[in-house]
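Printed here is run.txt (compact mmCIF, C-alpha atoms):
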```
# COMPACT_ATOMS: atom_id res chain seq x y z
CA MET S 15 19.60 77.10 84.62
CA LYS S 16 20.71 73.49 84.18
CA LYS S 17 24.40 72.63 83.99
CA ASN S 18 25.53 70.91 80.76
CA PHE S 19 22.15 71.66 79.22
CA VAL S 20 21.68 73.33 75.83
CA SER S 21 18.90 75.67 74.69
CA ILE S 22 18.23 76.35 71.00
CA LEU S 23 16.32 79.60 70.40
CA ILE S 24 14.47 79.92 67.08
CA THR S 25 12.63 83.00 65.84
CA ASN S 26 10.10 82.57 63.05
CA TYR S 27 7.94 84.73 60.86
CA ASN S 28 6.30 83.19 57.76
CA LYS S 29 9.03 80.62 57.11
CA SER S 30 6.73 77.61 56.77
CA SER S 31 8.61 76.27 53.75
CA TYR S 32 11.77 75.90 55.84
CA LEU S 33 10.43 75.49 59.36
CA LYS S 34 9.98 71.71 59.59
CA LYS S 35 13.52 70.97 58.35
CA SER S 36 14.93 73.63 60.63
CA ILE S 37 13.34 72.21 63.78
CA ASN S 38 14.11 68.61 62.83
CA SER S 39 17.77 69.54 62.38
CA CYS S 40 17.75 70.50 66.07
CA LEU S 41 15.81 67.49 67.33
CA ARG S 42 18.04 65.03 65.43
CA GLN S 43 21.28 66.23 66.96
CA ASN S 44 23.67 63.59 68.31
CA PHE S 45 23.51 65.49 71.61
CA ASN S 46 20.43 64.75 73.71
CA ASN S 47 20.64 67.12 76.68
CA LYS S 48 18.80 69.98 74.98
CA GLU S 49 15.59 71.94 74.56
CA VAL S 50 14.18 73.70 71.50
CA LEU S 51 12.23 76.92 71.92
CA VAL S 52 10.43 78.77 69.11
CA PHE S 53 9.05 82.30 69.02
CA ASP S 54 6.48 82.77 66.26
CA ASP S 55 5.93 86.45 65.52
CA CYS S 56 2.37 86.58 64.18
CA SER S 57 2.94 84.36 61.13
CA THR S 58 0.19 84.44 58.50
CA ASP S 59 1.31 81.32 56.60
CA ASN S 60 1.19 77.67 57.76
CA SER S 61 3.89 78.12 60.40
CA LEU S 62 1.63 77.62 63.42
CA LYS S 63 0.08 74.50 61.90
CA ILE S 64 3.58 73.06 61.47
CA LEU S 65 4.71 74.09 64.95
CA ASN S 66 1.66 72.51 66.60
CA LYS S 67 2.65 69.12 65.20
CA PHE S 68 5.82 69.10 67.31
CA LYS S 69 5.16 67.84 70.82
CA ASN S 70 8.70 68.15 72.18
CA ILE S 71 9.39 71.85 71.66
CA LYS S 72 8.33 74.98 73.58
CA ILE S 73 6.45 77.63 71.61
CA ILE S 74 5.68 81.28 72.23
CA LYS S 75 2.91 82.45 69.91
CA ASN S 76 3.06 86.22 69.71
CA LYS S 77 -0.37 87.84 69.27
CA LYS S 78 0.72 91.27 68.06
CA LYS S 79 3.99 92.57 66.65
CA LYS S 80 5.72 94.84 69.13
CA PHE S 81 7.70 96.91 66.60
CA LYS S 82 7.51 97.91 62.95
CA SER S 83 11.17 96.93 62.72
CA GLY S 84 12.12 93.33 61.79
CA PRO S 85 15.45 93.44 63.70
CA LEU S 86 13.78 94.78 66.86
CA ASN S 87 11.03 92.15 66.67
CA GLN S 88 13.67 89.44 66.34
CA ILE S 89 15.50 90.79 69.40
CA TYR S 90 12.24 90.96 71.33
CA GLY S 91 11.47 87.33 70.49
CA LEU S 92 14.93 86.08 71.42
CA ASN S 93 14.77 87.95 74.70
CA ARG S 94 11.49 86.26 75.60
CA LEU S 95 12.82 82.84 74.61
CA PHE S 96 15.98 83.37 76.63
CA ARG S 97 13.98 84.13 79.77
CA MET S 98 12.06 80.89 79.28
CA SER S 99 15.16 78.79 78.54
CA LYS S 100 17.10 76.65 81.02
CA GLY S 101 20.37 75.94 79.23
CA ASN S 102 23.80 77.13 80.29
CA ILE S 103 24.81 77.16 76.61
CA ILE S 104 22.59 78.93 74.10
CA PHE S 105 22.38 78.44 70.32
CA LEU S 106 20.56 80.84 67.99
CA LEU S 107 18.83 79.67 64.82
CA ASP S 108 16.84 81.50 62.16
CA SER S 109 13.92 79.35 61.08
CA ASP S 110 15.07 79.17 57.46
CA ASP S 111 18.50 77.71 58.38
CA MET S 112 19.56 74.29 59.68
CA PHE S 113 22.14 72.71 61.97
CA LYS S 114 24.41 69.86 60.95
CA LYS S 115 23.74 66.75 63.06
CA ASN S 116 26.90 67.20 65.12
CA LYS S 117 26.70 70.96 65.67
CA LEU S 118 25.83 70.94 69.37
CA SER S 119 28.40 68.33 70.32
CA GLU S 120 31.19 70.01 68.34
CA ILE S 121 30.53 73.47 69.77
CA ILE S 122 30.31 72.09 73.29
CA LYS S 123 33.71 70.44 72.80
CA ILE S 124 35.19 73.84 71.98
CA PHE S 125 33.66 75.43 75.07
CA LYS S 126 34.98 72.60 77.27
CA LYS S 127 38.45 72.69 75.72
CA ASN S 128 38.89 76.39 76.39
CA GLU S 129 36.85 77.66 79.32
CA LYS S 130 37.78 81.27 78.53
CA ILE S 131 35.67 81.16 75.35
CA ASN S 132 32.15 82.50 75.90
CA PHE S 133 31.06 83.31 72.34
CA ILE S 134 31.50 81.19 69.19
CA GLN S 135 30.55 81.43 65.55
CA ASP S 136 30.93 78.38 63.34
CA THR S 137 31.47 78.67 59.57
CA PRO S 138 28.28 78.16 57.53
CA ILE S 139 27.70 76.33 54.27
CA ASN S 140 25.69 78.21 51.65
CA SER S 141 22.87 75.85 50.66
CA PHE S 142 22.49 77.36 47.18
CA PHE S 143 26.14 77.17 46.14
CA LYS S 144 26.85 74.05 48.25
CA LYS S 145 30.08 75.57 49.48
CA LYS S 146 31.70 76.92 52.59
CA MET S 147 31.14 80.62 53.18
CA SER S 148 34.06 82.90 53.93
CA LEU S 149 34.66 86.29 55.49
CA LYS S 150 36.58 89.09 53.86
CA LYS S 151 39.67 90.10 55.75
CA LYS S 152 39.00 93.56 57.17
CA ASN S 153 41.36 96.49 57.24
CA HIS S 154 40.51 98.04 60.60
CA PHE S 155 41.83 101.38 59.44
CA PHE S 156 38.60 101.56 57.44
CA SER S 157 36.19 99.59 59.65
CA ILE S 158 36.14 99.21 63.42
CA TRP S 159 33.94 96.13 63.86
CA PRO S 160 34.72 92.52 62.90
CA SER S 161 33.49 90.52 59.93
CA PHE S 162 30.93 88.01 61.17
CA PHE S 163 28.61 85.25 60.02
CA PRO S 164 24.76 85.25 60.28
CA THR S 165 22.71 84.70 63.42
CA SER S 166 22.37 80.91 63.03
CA CYS S 167 26.12 80.47 63.48
CA ILE S 168 26.13 82.01 66.96
CA ALA S 169 26.40 80.17 70.28
CA PHE S 170 27.33 81.54 73.69
CA LYS S 171 27.36 80.84 77.41
CA ARG S 172 24.38 82.01 79.40
CA LYS S 173 26.34 84.45 81.55
CA PHE S 174 27.74 86.12 78.42
CA PHE S 175 24.21 86.85 77.17
CA ASP S 176 23.08 88.01 80.61
CA ASN S 177 25.82 90.65 80.53
CA PHE S 178 25.08 91.51 76.89
CA LEU S 179 21.42 92.21 77.71
CA LYS S 180 22.54 95.05 79.98
CA VAL S 181 23.93 96.92 76.96
CA LEU S 182 21.66 95.56 74.22
CA LYS S 183 19.58 98.75 73.77
CA LYS S 184 16.68 96.54 72.73
CA ASN S 185 14.40 99.45 71.73
CA LYS S 186 16.99 101.39 69.72
CA PHE S 187 18.72 101.05 66.33
CA SER S 188 15.80 99.71 64.33
CA ASN S 189 17.99 98.47 61.45
CA LEU S 190 20.66 96.70 63.52
CA GLU S 191 20.17 92.95 63.87
CA ILE S 192 21.13 90.70 66.77
CA ASP S 193 24.11 89.11 64.99
CA ALA S 194 25.78 92.51 64.52
CA ARG S 195 25.12 93.58 68.12
CA LEU S 196 26.40 90.33 69.59
CA SER S 197 29.50 90.29 67.36
CA ILE S 198 30.36 93.92 68.16
CA TYR S 199 29.89 93.27 71.88
CA ALA S 200 32.02 90.11 71.76
CA TYR S 201 34.72 91.95 69.81
CA ILE S 202 34.94 94.79 72.33
CA LYS S 203 35.02 92.31 75.23
CA ASN S 204 37.80 90.32 73.48
CA GLN S 205 35.48 87.32 73.25
CA PHE S 206 35.00 87.13 69.48
CA TYR S 207 35.85 83.63 68.27
CA ILE S 208 35.17 81.84 64.97
CA THR S 209 35.79 78.15 64.30
CA ASN S 210 36.43 76.82 60.81
CA LYS S 211 34.14 73.86 61.50
CA CYS S 212 31.17 73.92 59.09
CA LEU S 213 28.18 73.16 61.29
CA THR S 214 25.40 75.41 59.96
CA VAL S 215 23.49 75.34 56.66
CA TYR S 216 22.58 78.88 55.60
CA ASN S 217 19.60 79.57 53.34
CA TYR S 218 19.19 83.03 51.85
CA ASP S 219 15.50 83.96 51.83
CA GLU S 220 14.53 86.99 49.75
CA THR S 221 11.71 87.73 52.21
CA GLY S 222 13.97 87.63 55.26
CA ILE S 223 15.13 90.51 57.47
CA SER S 224 18.46 90.88 55.69
CA SER S 225 16.89 91.20 52.23
CA LYS S 226 16.06 94.83 52.98
CA TYR S 227 19.73 95.70 53.36
CA ARG S 228 21.22 95.13 49.92
CA LYS S 229 24.74 96.54 49.70
CA TYR S 230 24.87 100.32 49.18
CA SER S 231 21.10 100.68 49.44
CA LYS S 232 19.60 103.43 51.63
CA PHE S 233 18.82 100.98 54.43
CA TRP S 234 22.30 99.44 54.17
CA TRP S 235 23.83 102.86 54.91
CA LYS S 236 21.38 103.43 57.76
CA LYS S 237 22.24 100.06 59.26
CA ARG S 238 25.95 100.82 58.93
CA ASN S 239 25.50 104.14 60.71
CA GLU S 240 23.64 102.42 63.55
CA ALA S 241 26.42 99.85 63.86
CA PHE S 242 28.92 102.66 64.35
CA GLU S 243 26.69 104.36 66.90
CA TYR S 244 26.16 101.11 68.80
CA MET S 245 29.86 100.30 68.84
CA LEU S 246 30.77 103.80 70.02
CA SER S 247 28.23 103.51 72.84
CA LEU S 248 29.85 100.25 73.96
CA MET S 249 33.33 101.74 73.73
CA LYS S 250 32.22 104.57 75.99
CA LYS S 251 30.58 102.11 78.38
CA PHE S 252 33.68 99.90 78.66
CA ASN S 253 36.21 102.71 78.33
CA THR S 254 37.85 101.38 75.17
CA LYS S 255 39.11 103.30 72.15
CA SER S 256 39.52 102.63 68.44
CA ARG S 257 40.54 104.79 65.52
CA LEU S 258 37.65 106.11 63.42
CA GLY S 259 38.74 105.71 59.82
CA PRO S 260 37.35 106.92 56.47
CA ASP S 261 34.50 104.41 56.57
CA TYR S 262 33.01 106.12 59.62
CA TYR S 263 33.13 109.61 58.14
CA LEU S 264 31.84 108.46 54.74
CA THR S 265 28.90 106.73 56.46
CA LYS S 266 28.12 109.86 58.45
CA ILE S 267 28.17 112.07 55.36
CA ILE S 268 25.92 109.75 53.32
CA ASN S 269 23.43 109.52 56.18
CA LEU S 270 23.06 113.30 56.11
CA PHE S 271 21.55 113.02 52.63
CA ILE S 272 19.28 109.95 52.91
```
Would you mind writing the structure in this file as structure tokens?
Amino acid sequence: MKKNFVSILITNYNKSSYLKKSINSCLRQNFNNKEVLVFDDCSTDNSLKILNKFKNIKIIKNKKKKFKSGPLNQIYGLNRLFRMSKGNIIFLLDSDDMFKKNKLSEIIKIFKKNEKINFIQDTPINSFFKKKMSLKKKNHFFSIWPSFFPTSCIAFKRKFFDNFLKVLKKNKFSNLEIDARLSIYAYIKNQFYITNKCLTVYNYDETGISSKYRKYSKFWWKKRNEAFEYMLSLMKKFNTKSRLGPDYYLTKIINLFI
């Protein structure tokens, strides 16, 4: 690990139409003390051809998918990239999204200003609507985890992720993505922090992992059930409690019939 050094971890599968812009958005940051690492998970498009043109990034070319689950493959790739990385601050990026030029420097300022912060999400801009995205205010009587933004908005200190890996359950919950797991973990550890600064450009890709989980679909309910199960496992681990409202019981009932 290098002090005051940043690692950007990118996972990619068949995102060749976005990949070049995504990587360039990292390389053109106004912060120089960084490295960019990419995990390509058996892409069948032109992704590898594009990646091979970059000489100043580190690439892991996966030969065979480890899981049938997109979320678990993403977690597997990020885990491998993390072990290769050297930064004491880590940024996650999906290969169809982009960083604003000042993202690294602005997030680092927040970390330096408040040393107690270990996990940050910035507020993304939706590339299609050209507007700032927002989170619905949650009534925690109905839902016990926080509202959160997508993976590309997440940054954290290395030690935070080291501790998170101990409770990640990397081979379980095949529908539960890394952004949900990290946000739930940060929330339970009282480390969940969102800045209003708009530093990420979010692109919705209909072929992406999240496209499978359209609201109220079968997989959406399965994912929701897994989020509850994961959060309850963390609560037990860290001896914390939260009221289980109607949302929990409704999710349980629906999962009995799907």
Go through region 187-238 of chain S and flag each residue having an atom no more than 8 Å from region 106-130 of chain S; for those, report the closest pair of atoms plus their distance in Å to one decimal, using all atoms listed in the file, ordered by chain and rising number, as CSV.
```
residue,atom,partner,partner_atom,distance
S:Leu213,CA,S:Lys114,CA,5.0
S:Thr214,CA,S:Phe113,CA,4.7
S:Val215,CA,S:Met112,CA,5.1
S:Tyr216,CA,S:Asp111,CA,5.1
S:Asn217,CA,S:Asp111,CA,5.5
S:Tyr218,CA,S:Asp110,CA,8.0
S:Asp219,CA,S:Asp110,CA,7.4
```
Given all atoms listed in the file as the basis, pick out the residue of S:Lys171, S:Lys69, S:Lys35, S:Lys79 nearest to Asn18 (chain S).
S:Lys171
Which value, in Å to one decimal, gives the distance between CA of Ser256 (chain S) and CA of Phe175 (chain S)?
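Spanning CA of Ser256 (chain S) to CA of Phe175 (chain S) is a straight-line distance of 23.7 Å.
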Selected residue of minimal separation from Asp136 (chain S) among S:Ile104, S:Ile89, S:Val50, S:Ile208, counting only C-alpha atoms:
S:Ile208
CA of Thr58 (chain S) to CA of Leu33 (chain S), distance in Å rounded to a single decimal:
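Going from CA of Thr58 (chain S) over to CA of Leu33 (chain S), I get 13.6 Å.
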Neighbours of Asn76 (chain S) within 8 Å (all atoms listed in the file; same-chain residues fewer than 6 positions away dropped), as a PyMOL selection string?
chain S and resi 53-56
Write a file of the selected residues as a PDB file, keeping the file's coordinate frame, keeping C-alpha atoms.
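After the write, result08.pdb holds the following:
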```pdb
ATOM      1  CA  PHE S  53       9.050  82.300  69.020  1.00  0.00           C
ATOM      2  CA  ASP S  54       6.480  82.770  66.260  1.00  0.00           C
ATOM      3  CA  ASP S  55       5.930  86.450  65.520  1.00  0.00           C
ATOM      4  CA  CYS S  56       2.370  86.580  64.180  1.00  0.00           C
TER       5      CYS S  56
END
```
